[in-house]
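Dumped run-v3.txt below, it's compact mmCIF, C-alpha atoms:
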```txt
# COMPACT_ATOMS: atom_id res chain seq x y z
CA MET U 1 -6.92 -98.28 -47.27
CA ASP U 2 -9.75 -97.95 -44.75
CA ALA U 3 -9.15 -101.50 -43.59
CA ALA U 4 -5.45 -100.87 -42.98
CA VAL U 5 -6.18 -97.68 -41.02
CA PHE U 6 -8.87 -99.51 -39.06
CA TRP U 7 -6.53 -102.34 -38.05
CA ILE U 8 -3.71 -99.98 -37.06
CA LEU U 9 -6.02 -97.79 -34.95
CA ALA U 10 -7.89 -100.73 -33.40
CA VAL U 11 -4.77 -102.64 -32.40
CA LEU U 12 -3.07 -99.48 -31.14
CA ALA U 13 -6.18 -98.54 -29.11
CA VAL U 14 -6.37 -101.90 -27.34
CA VAL U 15 -2.60 -102.33 -26.86
CA SER U 16 -2.08 -98.86 -25.43
CA GLY U 17 -5.18 -99.41 -23.30
CA VAL U 18 -3.52 -102.48 -21.80
CA TRP U 19 -0.25 -100.60 -21.28
CA VAL U 20 -2.03 -97.95 -19.19
CA PHE U 21 -2.09 -100.44 -16.35
CA ARG U 22 1.36 -101.90 -16.95
CA PHE U 23 3.56 -98.80 -16.92
CA ASP U 24 5.25 -97.90 -13.64
CA SER U 25 5.40 -94.27 -14.60
CA MET U 26 2.18 -92.35 -14.18
CA ALA U 27 3.13 -89.91 -16.94
CA ARG U 28 3.58 -92.80 -19.36
CA ALA U 29 0.29 -94.33 -18.25
CA THR U 30 -1.46 -91.03 -18.94
CA PHE U 31 0.03 -90.73 -22.41
CA SER U 32 -0.77 -94.35 -23.11
CA LEU U 33 -4.41 -93.64 -22.23
CA LEU U 34 -4.25 -90.57 -24.45
CA THR U 35 -3.00 -92.70 -27.36
CA SER U 36 -5.80 -95.18 -26.81
CA LEU U 37 -8.50 -92.51 -26.72
CA LEU U 38 -7.00 -90.68 -29.73
CA CYS U 39 -7.27 -93.95 -31.65
CA VAL U 40 -10.93 -94.15 -30.61
CA GLY U 41 -11.37 -90.63 -31.96
CA GLY U 42 -9.62 -91.68 -35.17
CA LEU U 43 -11.95 -94.66 -35.55
CA VAL U 44 -14.96 -92.39 -35.03
CA ILE U 45 -13.64 -90.13 -37.83
CA LEU U 46 -13.09 -93.20 -39.99
CA LEU U 47 -16.76 -94.13 -39.47
CA GLY U 48 -17.79 -90.81 -41.01
CA LEU U 49 -18.40 -88.73 -37.90
CA ASP U 50 -15.77 -86.04 -38.49
CA TYR U 51 -17.08 -83.50 -36.01
CA LEU U 52 -17.53 -85.89 -33.09
CA GLY U 53 -14.16 -87.52 -33.79
CA ILE U 54 -12.38 -84.19 -33.65
CA VAL U 55 -14.30 -83.20 -30.51
CA ILE U 56 -13.10 -86.45 -28.90
CA VAL U 57 -9.49 -85.86 -30.00
CA LEU U 58 -9.43 -82.27 -28.70
CA MET U 59 -11.21 -83.10 -25.47
CA MET U 60 -9.05 -86.08 -24.64
CA THR U 61 -5.82 -84.18 -25.32
CA ILE U 62 -6.78 -81.49 -22.82
CA GLU U 63 -8.30 -83.96 -20.37
CA MET U 64 -5.15 -86.05 -20.26
CA ALA U 65 -2.98 -82.95 -19.80
CA ILE U 66 -5.08 -82.06 -16.75
CA MET U 67 -4.93 -85.65 -15.58
CA ALA U 68 -1.12 -85.63 -15.78
CA VAL U 69 -1.03 -82.57 -13.52
CA PHE U 70 -3.27 -84.27 -10.95
CA MET U 71 -1.21 -87.43 -11.16
CA VAL U 72 1.96 -85.58 -10.25
CA MET U 73 0.08 -83.84 -7.43
CA TYR U 74 -1.46 -86.84 -5.79
CA MET U 75 0.47 -89.96 -6.58
CA MET U 76 3.28 -91.18 -4.42
CA ASN U 77 5.44 -92.35 -7.31
CA PRO U 78 4.60 -90.21 -10.31
CA ALA U 79 7.86 -90.66 -12.16
CA GLY U 80 7.90 -94.44 -11.82
CA LEU U 81 11.51 -94.45 -10.68
CA MET U 82 10.77 -97.26 -8.26
CA PRO U 83 9.05 -100.23 -9.84
CA MET U 84 5.90 -100.90 -7.89
CA THR U 85 2.46 -102.30 -8.41
CA MET U 86 -0.59 -100.73 -6.91
CA MET U 87 -3.17 -103.35 -7.61
CA HIS U 88 -5.53 -105.40 -5.55
CA ASN U 89 -7.56 -108.50 -6.33
CA LYS U 90 -5.86 -109.04 -9.67
CA LYS U 91 -7.07 -112.60 -10.17
CA GLY U 92 -10.70 -111.90 -9.35
CA ALA U 93 -10.73 -108.88 -11.64
CA ALA U 94 -9.12 -110.85 -14.47
CA VAL U 95 -11.82 -113.54 -14.14
CA VAL U 96 -14.60 -110.93 -14.08
CA CYS U 97 -13.19 -109.13 -17.12
CA GLY U 98 -12.64 -112.37 -19.03
CA LEU U 99 -16.24 -113.40 -18.38
CA VAL U 100 -17.60 -109.98 -19.37
CA PHE U 101 -15.58 -110.04 -22.59
CA ALA U 102 -16.70 -113.60 -23.40
CA LEU U 103 -20.31 -112.59 -22.80
CA LEU U 104 -20.02 -109.45 -24.92
CA ALA U 105 -18.19 -111.28 -27.71
CA ALA U 106 -20.80 -114.06 -27.73
CA GLY U 107 -23.54 -111.46 -27.94
CA ILE U 108 -21.75 -109.57 -30.71
CA LEU U 109 -21.11 -112.67 -32.81
CA LEU U 110 -24.44 -114.42 -32.25
CA ALA U 111 -26.89 -111.52 -32.38
CA PRO U 112 -28.80 -111.18 -35.67
CA TRP U 113 -27.77 -107.60 -36.43
CA PRO U 114 -30.27 -105.73 -38.57
CA ALA U 115 -29.24 -104.71 -42.06
CA ARG U 116 -28.18 -101.15 -42.65
CA ARG U 117 -31.23 -98.99 -43.00
CA GLY U 118 -31.19 -95.62 -44.69
CA LYS U 119 -28.25 -93.61 -45.91
CA ALA U 120 -25.93 -91.36 -43.97
CA PRO U 121 -26.87 -87.70 -44.46
CA ALA U 122 -24.49 -85.58 -46.51
CA ASP U 123 -23.63 -83.57 -43.41
CA PRO U 124 -23.95 -85.66 -40.21
CA THR U 125 -22.88 -82.67 -38.09
CA MET U 126 -25.84 -80.63 -39.34
CA GLU U 127 -28.07 -83.62 -38.58
CA LEU U 128 -26.68 -83.84 -35.04
CA GLY U 129 -27.18 -80.13 -34.44
CA MET U 130 -30.74 -80.17 -35.76
CA SER U 131 -31.46 -83.22 -33.64
CA LEU U 132 -30.03 -81.72 -30.44
CA MET U 133 -31.93 -78.49 -30.99
CA GLY U 134 -35.10 -80.32 -32.04
CA PRO U 135 -36.32 -83.77 -31.02
CA GLN U 136 -33.41 -84.38 -28.63
CA MET U 137 -33.78 -81.05 -26.84
CA LEU U 138 -34.59 -82.80 -23.56
CA THR U 139 -31.28 -84.70 -23.75
CA MET U 140 -29.43 -81.47 -24.41
CA MET U 141 -31.12 -79.70 -21.50
CA THR U 142 -30.40 -82.61 -19.17
CA LEU U 143 -26.75 -82.53 -20.22
CA GLY U 144 -26.60 -78.79 -19.63
CA LEU U 145 -28.12 -79.16 -16.19
CA ALA U 146 -25.74 -82.01 -15.34
CA LEU U 147 -22.77 -79.90 -16.43
CA PHE U 148 -23.94 -77.00 -14.31
CA ALA U 149 -24.50 -79.27 -11.30
CA THR U 150 -20.98 -80.61 -11.82
CA ILE U 151 -19.50 -77.12 -11.76
CA VAL U 152 -21.25 -76.39 -8.45
CA ALA U 153 -20.38 -79.81 -6.96
CA THR U 154 -16.70 -79.64 -7.89
CA VAL U 155 -16.33 -76.16 -6.42
CA VAL U 156 -18.09 -77.22 -3.20
CA LEU U 157 -15.93 -80.35 -2.90
CA ALA U 158 -12.65 -78.67 -3.74
CA THR U 159 -12.84 -75.46 -1.67
CA ARG U 160 -10.95 -75.51 1.57
CA ARG U 161 -13.11 -73.07 3.52
CA GLY U 162 -16.87 -72.80 3.27
CA ARG U 163 -19.24 -70.24 4.79
CA TYR U 164 -19.46 -72.21 8.06
CA ASP U 165 -15.71 -71.83 8.51
CA ARG U 166 -15.96 -68.13 7.87
CA LEU U 167 -19.10 -67.20 9.79
CA GLY U 168 -19.44 -69.90 12.46
CA ASP U 169 -21.81 -72.88 12.69
CA ASP U 170 -24.91 -70.71 12.94
CA LEU U 171 -23.62 -68.24 10.35
CA ARG U 172 -24.13 -65.45 12.91
CA ALA U 173 -20.56 -64.25 13.37
CA ARG U 174 -20.36 -60.50 12.94
CA ARG U 175 -16.97 -60.61 11.29
CA ALA U 176 -15.90 -63.31 8.89
CA ASP U 177 -12.95 -65.29 10.21
CA ASP U 178 -10.57 -65.22 7.26
CA PRO U 179 -6.85 -65.86 7.25
CA VAL U 180 -6.46 -62.94 4.89
CA ARG U 181 -8.32 -59.67 5.39
CA GLY U 182 -10.60 -58.28 2.74
CA GLY U 183 -13.55 -59.56 0.77
CA VAL U 184 -17.24 -59.77 1.54
CA GLY U 185 -18.34 -58.90 5.10
CA GLN U 186 -15.11 -57.32 6.22
CA MET Z 1 -14.11 -103.32 -41.25
CA THR Z 2 -17.44 -104.73 -40.13
CA LEU Z 3 -19.90 -104.03 -37.35
CA GLU Z 4 -18.85 -107.15 -35.46
CA LEU Z 5 -15.15 -106.29 -35.61
CA LEU Z 6 -15.72 -102.76 -34.37
CA LEU Z 7 -17.96 -103.96 -31.56
CA LEU Z 8 -15.30 -106.52 -30.58
CA VAL Z 9 -12.68 -103.76 -30.38
CA ALA Z 10 -15.13 -101.72 -28.28
CA ALA Z 11 -15.77 -104.73 -26.01
CA ALA Z 12 -12.00 -105.25 -25.61
CA LEU Z 13 -11.52 -101.60 -24.62
CA PHE Z 14 -14.43 -101.84 -22.19
CA CYS Z 15 -13.01 -104.97 -20.54
CA VAL Z 16 -9.47 -103.56 -20.28
CA GLY Z 17 -10.97 -100.49 -18.63
CA LEU Z 18 -13.05 -102.66 -16.32
CA PHE Z 19 -9.93 -104.57 -15.31
CA GLY Z 20 -8.18 -101.30 -14.48
CA ALA Z 21 -11.15 -99.95 -12.56
CA LEU Z 22 -11.37 -103.15 -10.50
CA THR Z 23 -7.66 -103.61 -9.78
CA GLN Z 24 -6.12 -100.18 -9.39
CA GLN Z 25 -5.68 -98.91 -5.87
CA SER Z 26 -4.97 -95.31 -6.75
CA ILE Z 27 -8.16 -93.33 -7.32
CA VAL Z 28 -6.67 -91.46 -10.28
CA MET Z 29 -5.69 -94.72 -11.99
CA LEU Z 30 -9.16 -96.09 -11.29
CA MET Z 31 -10.61 -93.12 -13.14
CA MET Z 32 -8.38 -93.89 -16.11
CA GLY Z 33 -10.03 -97.31 -16.22
CA LEU Z 34 -13.46 -95.67 -16.26
CA GLU Z 35 -12.34 -93.42 -19.13
CA LEU Z 36 -11.26 -96.45 -21.16
CA MET Z 37 -14.63 -98.10 -20.54
CA LEU Z 38 -16.42 -94.99 -21.80
CA GLY Z 39 -14.09 -94.96 -24.82
CA GLY Z 40 -15.41 -98.43 -25.65
CA VAL Z 41 -18.99 -97.16 -25.32
CA ILE Z 42 -18.23 -94.28 -27.72
CA LEU Z 43 -16.74 -96.63 -30.30
CA ALA Z 44 -19.72 -99.00 -30.05
CA ALA Z 45 -22.16 -96.11 -30.48
CA ALA Z 46 -20.28 -94.84 -33.55
CA ALA Z 47 -20.25 -98.33 -35.07
CA ALA Z 48 -23.97 -98.77 -34.41
CA TRP Z 49 -24.70 -95.41 -36.03
CA HIS Z 50 -22.62 -96.20 -39.11
CA TYR Z 51 -23.71 -99.78 -39.70
CA ILE Z 52 -27.29 -99.96 -38.41
CA ALA Z 53 -29.09 -96.63 -38.59
CA PRO Z 54 -27.05 -93.87 -40.25
CA ALA Z 55 -30.16 -91.94 -41.20
CA ALA Z 56 -31.16 -91.33 -37.57
CA ALA Z 57 -29.09 -89.01 -35.37
CA ASP Z 58 -29.63 -91.06 -32.20
CA GLY Z 59 -26.25 -92.77 -32.40
CA GLN Z 60 -24.51 -89.41 -32.58
CA VAL Z 61 -26.52 -88.14 -29.61
CA LEU Z 62 -25.39 -91.22 -27.67
CA ILE Z 63 -21.75 -90.28 -28.41
CA VAL Z 64 -22.35 -86.72 -27.18
CA LEU Z 65 -23.84 -88.23 -24.02
CA ALA Z 66 -20.84 -90.53 -23.46
CA VAL Z 67 -18.33 -87.72 -24.06
CA THR Z 68 -20.18 -85.55 -21.53
CA ALA Z 69 -20.24 -88.41 -19.04
CA MET Z 70 -16.46 -88.69 -19.46
CA ALA Z 71 -15.94 -85.01 -18.71
CA LEU Z 72 -18.27 -85.07 -15.69
CA GLU Z 73 -16.61 -88.20 -14.31
CA MET Z 74 -13.17 -86.58 -14.55
CA ALA Z 75 -14.27 -83.31 -12.94
CA VAL Z 76 -16.17 -84.87 -10.04
CA GLY Z 77 -13.47 -87.54 -9.59
CA PHE Z 78 -10.72 -84.97 -9.19
CA ALA Z 79 -12.86 -82.88 -6.85
CA VAL Z 80 -13.47 -85.96 -4.67
CA VAL Z 81 -9.75 -86.79 -4.67
CA THR Z 82 -8.98 -83.23 -3.68
CA ALA Z 83 -11.52 -83.32 -0.83
CA LEU Z 84 -10.29 -86.72 0.37
CA PHE Z 85 -6.65 -85.70 0.19
CA ARG Z 86 -7.34 -82.47 2.04
CA SER Z 87 -9.26 -84.12 4.85
CA ARG Z 88 -7.01 -87.13 5.46
CA GLU Z 89 -4.07 -87.26 3.04
CA VAL Z 90 -5.45 -90.29 1.26
CA ASP Z 91 -5.19 -91.09 -2.43
CA MET Z 92 -5.86 -94.82 -2.40
CA THR Z 93 -9.22 -96.56 -2.44
CA ASP Z 94 -8.27 -99.02 0.31
CA MET Z 95 -7.42 -96.23 2.72
CA ALA Z 96 -10.72 -94.50 2.14
CA ALA Z 97 -12.77 -97.55 3.02
CA GLU Z 98 -14.13 -96.70 6.46
CA LEU Z 99 -17.56 -95.95 5.03
CA LYS Z 100 -17.71 -99.63 4.14
CA GLU Z 101 -18.61 -100.76 7.67
```

What do you get writing this file as structure tokens?
Amino acid sequence: MDAAVFWILAVLAVVSGVWVFRFDSMARATFSLLTSLLCVGGLVILLGLDYLGIVIVLMMTIEMAIMAVFMVMYMMNPAGLMPMTMMHNKKGAAVVCGLVFALLAAGILLAPWPARRGKAPADPTMELGMSLMGPQMLTMMTLGLALFATIVATVVLATRRGRYDRLGDDLRARRADDPVRGGVGQ
Amino acid sequence: MTLELLLLVAAALFCVGLFGALTQQSIVMLMMGLELMLGGVILAAAAAWHYIAPAAADGQVLIVLAVTAMALEMAVGFAVVTALFRSREVDMTDMAAELKE
């Protein structure tokens, strides 16, 4: 049973991964990527990591929904009504990827993998939580800091008008120059 | 289902993603390639946890790290696209190449 599920999910993950870059329609490409990543989540659940698998499934669903919105906003041909390719250096990339895969596959097949050591805990989620709040606390704090830095960076990058637009280059303007009245300093 | 098979699937996902990241001209499509690559990393980490060291939580922590990297990459990527598009109506990597010189 596990083997059948594994094969279905694995083949579906790789095939829909390939189709991401073959569809003309951006919406289809997004949903193809979603299928691929959902299969990855399914494989993670199959390996016994229920919590992380479900986190991946939930996160990817929402992430791809957001991605679809951005696609429609920014791409010139979101519906794929005109067949077009937007690729460059296809041959070079194919060679690079073929070589990388050959290298990885050789490593995977030739490496003397160690035997399984220890037994999975009864509740891997509990183990993960205890680890993140204990010995891996530094990892957790780094992740938290990175997430916070991302929030600040995305807001800075995405806002149209910063304080220099409002208050002049030396920030000395007495009244903020806003297109709409109101707010701080008015 | 063996460790080697799972790692091969992960390697295939990684390479498909790499191909997309190298070939796509649209920045949003390029980010989809990066997501696929990270999906491969997640699968490899899960396989390593299950087949090599299930007693230690390090494999799981690695997955948490990869998932976070995915989210950060998406957020910063879209913010950069927004900034680029706002300043010069560009959504393709080739058109945003003047920093190259």

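Closest approach to Thr139 in chain U among Z:Val9, Z:Leu62, Z:Met31, Z:Leu22 is made by Z:Leu62 (distances from only C-alpha atoms).
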
Using only C-alpha atoms, select each residue of chain Z with any atom at most 6 Å away from an atom of chain U, and give the selection as a ChimeraX atom specification. /Z:1,13,15,19,22-25,51-55,57,76,79,82-83

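Here CA of Ala69 in chain Z is placed at a distance of 9.4 Å from CA of Glu35 in chain Z.
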
Interatomic distance between CA of Glu4 in chain Z and CA of Ala47 in chain Z?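 So the answer is 8.9 Å.
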
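Take CA of Ile62 in chain U and CA of Val152 in chain U: the distance between them is 21.0 Å.
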
Quick one: everything within 8 Å of Phe14 in chain Z, counting all atoms listed in the file, minus sequence neighbours fewer than 4 positions away in the same chain. Send it as a PDB file with C-alpha atoms, in the coordinates of the input.
```pdb
ATOM      1  CA  ALA Z  10     -15.130-101.720 -28.280  1.00  0.00           C
ATOM      2  CA  LEU Z  18     -13.050-102.660 -16.320  1.00  0.00           C
ATOM      3  CA  LEU Z  36     -11.260 -96.450 -21.160  1.00  0.00           C
ATOM      4  CA  MET Z  37     -14.630 -98.100 -20.540  1.00  0.00           C
ATOM      5  CA  LEU Z  38     -16.420 -94.990 -21.800  1.00  0.00           C
ATOM      6  CA  GLY Z  39     -14.090 -94.960 -24.820  1.00  0.00           C
ATOM      7  CA  GLY Z  40     -15.410 -98.430 -25.650  1.00  0.00           C
ATOM      8  CA  VAL Z  41     -18.990 -97.160 -25.320  1.00  0.00           C
TER       9      VAL Z  41
END
```

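Here the question is which of U:Leu12, U:Ala122, U:Met137, U:Ala65 gets nearest to Val61 in chain Z using only C-alpha atoms, and that residue is U:Met137.
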
Hey, which of Z:Ser26, Z:Thr93, Z:Gly20, Z:Leu7 ends up closest to Ala48 in chain Z? Count all atoms listed in the file. Z:Leu7

Restricted to C-alpha atoms, what does chain Z look like when written out as a PDB file, in the first residue's frame?
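Everything below was put into out.pdb:
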```pdb
ATOM      1  CA  MET Z   1      10.237   2.775  -0.878  1.00  0.00           C
ATOM      2  CA  THR Z   2      13.909   3.107  -0.015  1.00  0.00           C
ATOM      3  CA  LEU Z   3      16.244   5.929   0.909  1.00  0.00           C
ATOM      4  CA  GLU Z   4      17.872   5.888  -2.526  1.00  0.00           C
ATOM      5  CA  LEU Z   5      14.549   6.077  -4.372  1.00  0.00           C
ATOM      6  CA  LEU Z   6      13.329   8.988  -2.280  1.00  0.00           C
ATOM      7  CA  LEU Z   7      16.606  10.840  -2.710  1.00  0.00           C
ATOM      8  CA  LEU Z   8      16.418  10.252  -6.476  1.00  0.00           C
ATOM      9  CA  VAL Z   9      12.922  11.767  -6.562  1.00  0.00           C
ATOM     10  CA  ALA Z  10      14.249  14.706  -4.520  1.00  0.00           C
ATOM     11  CA  ALA Z  11      17.195  15.105  -6.919  1.00  0.00           C
ATOM     12  CA  ALA Z  12      14.808  15.035  -9.900  1.00  0.00           C
ATOM     13  CA  LEU Z  13      12.648  17.759  -8.333  1.00  0.00           C
ATOM     14  CA  PHE Z  14      15.754  19.812  -7.554  1.00  0.00           C
ATOM     15  CA  CYS Z  15      17.030  19.543 -11.131  1.00  0.00           C
ATOM     16  CA  VAL Z  16      13.652  20.375 -12.703  1.00  0.00           C
ATOM     17  CA  GLY Z  17      13.520  23.434 -10.459  1.00  0.00           C
ATOM     18  CA  LEU Z  18      17.084  24.353 -11.391  1.00  0.00           C
ATOM     19  CA  PHE Z  19      16.177  24.106 -15.069  1.00  0.00           C
ATOM     20  CA  GLY Z  20      13.240  26.450 -14.515  1.00  0.00           C
ATOM     21  CA  ALA Z  21      15.296  28.901 -12.490  1.00  0.00           C
ATOM     22  CA  LEU Z  22      17.973  29.000 -15.198  1.00  0.00           C
ATOM     23  CA  THR Z  23      15.699  29.243 -18.238  1.00  0.00           C
ATOM     24  CA  GLN Z  24      12.683  31.307 -17.260  1.00  0.00           C
ATOM     25  CA  GLN Z  25      12.749  34.958 -18.200  1.00  0.00           C
ATOM     26  CA  SER Z  26       9.851  36.051 -16.056  1.00  0.00           C
ATOM     27  CA  ILE Z  27      10.907  36.705 -12.465  1.00  0.00           C
ATOM     28  CA  VAL Z  28       7.756  35.101 -11.058  1.00  0.00           C
ATOM     29  CA  MET Z  29       8.362  31.907 -13.056  1.00  0.00           C
ATOM     30  CA  LEU Z  30      11.979  31.917 -11.905  1.00  0.00           C
ATOM     31  CA  MET Z  31      10.750  31.940  -8.320  1.00  0.00           C
ATOM     32  CA  MET Z  32       8.570  28.928  -9.065  1.00  0.00           C
ATOM     33  CA  GLY Z  33      11.749  27.109 -10.076  1.00  0.00           C
ATOM     34  CA  LEU Z  34      13.360  28.046  -6.760  1.00  0.00           C
ATOM     35  CA  GLU Z  35      10.291  26.729  -4.909  1.00  0.00           C
ATOM     36  CA  LEU Z  36      10.583  23.390  -6.693  1.00  0.00           C
ATOM     37  CA  MET Z  37      14.267  23.179  -5.756  1.00  0.00           C
ATOM     38  CA  LEU Z  38      13.404  23.777  -2.101  1.00  0.00           C
ATOM     39  CA  GLY Z  39      10.667  21.138  -2.389  1.00  0.00           C
ATOM     40  CA  GLY Z  40      13.399  18.674  -3.351  1.00  0.00           C
ATOM     41  CA  VAL Z  41      15.447  19.740  -0.323  1.00  0.00           C
ATOM     42  CA  ILE Z  42      12.436  19.161   1.970  1.00  0.00           C
ATOM     43  CA  LEU Z  43      11.859  15.686   0.566  1.00  0.00           C
ATOM     44  CA  ALA Z  44      15.538  14.771   0.949  1.00  0.00           C
ATOM     45  CA  ALA Z  45      15.556  15.996   4.556  1.00  0.00           C
ATOM     46  CA  ALA Z  46      12.423  13.973   5.370  1.00  0.00           C
ATOM     47  CA  ALA Z  47      13.938  10.861   3.779  1.00  0.00           C
ATOM     48  CA  ALA Z  48      17.188  11.327   5.689  1.00  0.00           C
ATOM     49  CA  TRP Z  49      15.266  11.713   8.952  1.00  0.00           C
ATOM     50  CA  HIS Z  50      13.179   8.598   8.342  1.00  0.00           C
ATOM     51  CA  TYR Z  51      15.877   6.274   7.056  1.00  0.00           C
ATOM     52  CA  ILE Z  52      19.077   7.409   8.784  1.00  0.00           C
ATOM     53  CA  ALA Z  53      18.442   9.060  12.144  1.00  0.00           C
ATOM     54  CA  PRO Z  54      14.781   8.997  13.201  1.00  0.00           C
ATOM     55  CA  ALA Z  55      15.686   9.303  16.868  1.00  0.00           C
ATOM     56  CA  ALA Z  56      17.245  12.756  16.415  1.00  0.00           C
ATOM     57  CA  ALA Z  57      15.063  15.761  15.603  1.00  0.00           C
ATOM     58  CA  ASP Z  58      17.674  17.426  13.371  1.00  0.00           C
ATOM     59  CA  GLY Z  59      16.066  16.238  10.146  1.00  0.00           C
ATOM     60  CA  GLN Z  60      12.765  17.773  11.178  1.00  0.00           C
ATOM     61  CA  VAL Z  61      14.486  21.040  12.085  1.00  0.00           C
ATOM     62  CA  LEU Z  62      16.049  21.056   8.612  1.00  0.00           C
ATOM     63  CA  ILE Z  63      12.543  20.780   7.093  1.00  0.00           C
ATOM     64  CA  VAL Z  64      11.325  23.699   9.221  1.00  0.00           C
ATOM     65  CA  LEU Z  65      14.331  25.669   7.956  1.00  0.00           C
ATOM     66  CA  ALA Z  66      13.595  24.843   4.304  1.00  0.00           C
ATOM     67  CA  VAL Z  67       9.896  25.703   4.657  1.00  0.00           C
ATOM     68  CA  THR Z  68      10.837  29.055   6.208  1.00  0.00           C
ATOM     69  CA  ALA Z  69      13.337  29.695   3.420  1.00  0.00           C
ATOM     70  CA  MET Z  70      10.535  29.058   0.917  1.00  0.00           C
ATOM     71  CA  ALA Z  71       8.254  31.597   2.580  1.00  0.00           C
ATOM     72  CA  LEU Z  72      11.005  34.225   2.840  1.00  0.00           C
ATOM     73  CA  GLU Z  73      12.017  33.712  -0.782  1.00  0.00           C
ATOM     74  CA  MET Z  74       8.425  34.231  -1.945  1.00  0.00           C
ATOM     75  CA  ALA Z  75       7.877  37.345   0.170  1.00  0.00           C
ATOM     76  CA  VAL Z  76      11.137  39.073  -0.744  1.00  0.00           C
ATOM     77  CA  GLY Z  77      10.807  37.973  -4.386  1.00  0.00           C
ATOM     78  CA  PHE Z  78       7.385  39.551  -4.751  1.00  0.00           C
ATOM     79  CA  ALA Z  79       8.533  42.706  -2.986  1.00  0.00           C
ATOM     80  CA  VAL Z  80      11.473  42.989  -5.408  1.00  0.00           C
ATOM     81  CA  VAL Z  81       9.166  42.425  -8.399  1.00  0.00           C
ATOM     82  CA  THR Z  82       6.840  45.097  -7.076  1.00  0.00           C
ATOM     83  CA  ALA Z  83       9.720  47.569  -6.620  1.00  0.00           C
ATOM     84  CA  LEU Z  84      11.147  46.780 -10.065  1.00  0.00           C
ATOM     85  CA  PHE Z  85       7.779  47.032 -11.754  1.00  0.00           C
ATOM     86  CA  ARG Z  86       7.015  50.316 -10.031  1.00  0.00           C
ATOM     87  CA  SER Z  87      10.310  51.924 -10.949  1.00  0.00           C
ATOM     88  CA  ARG Z  88      10.566  50.790 -14.581  1.00  0.00           C
ATOM     89  CA  GLU Z  89       7.664  48.561 -15.612  1.00  0.00           C
ATOM     90  CA  VAL Z  90       9.886  45.514 -15.871  1.00  0.00           C
ATOM     91  CA  ASP Z  91       8.960  41.941 -15.035  1.00  0.00           C
ATOM     92  CA  MET Z  92      11.635  40.052 -16.941  1.00  0.00           C
ATOM     93  CA  THR Z  93      15.142  39.227 -15.790  1.00  0.00           C
ATOM     94  CA  ASP Z  94      16.740  40.262 -19.090  1.00  0.00           C
ATOM     95  CA  MET Z  95      15.259  43.740 -18.894  1.00  0.00           C
ATOM     96  CA  ALA Z  96      16.547  44.263 -15.388  1.00  0.00           C
ATOM     97  CA  ALA Z  97      20.133  43.499 -16.309  1.00  0.00           C
ATOM     98  CA  GLU Z  98      21.767  46.923 -16.281  1.00  0.00           C
ATOM     99  CA  LEU Z  99      23.441  46.217 -12.956  1.00  0.00           C
ATOM    100  CA  LYS Z 100      25.399  43.554 -14.802  1.00  0.00           C
ATOM    101  CA  GLU Z 101      27.859  46.006 -16.367  1.00  0.00           C
TER     102      GLU Z 101
END
```
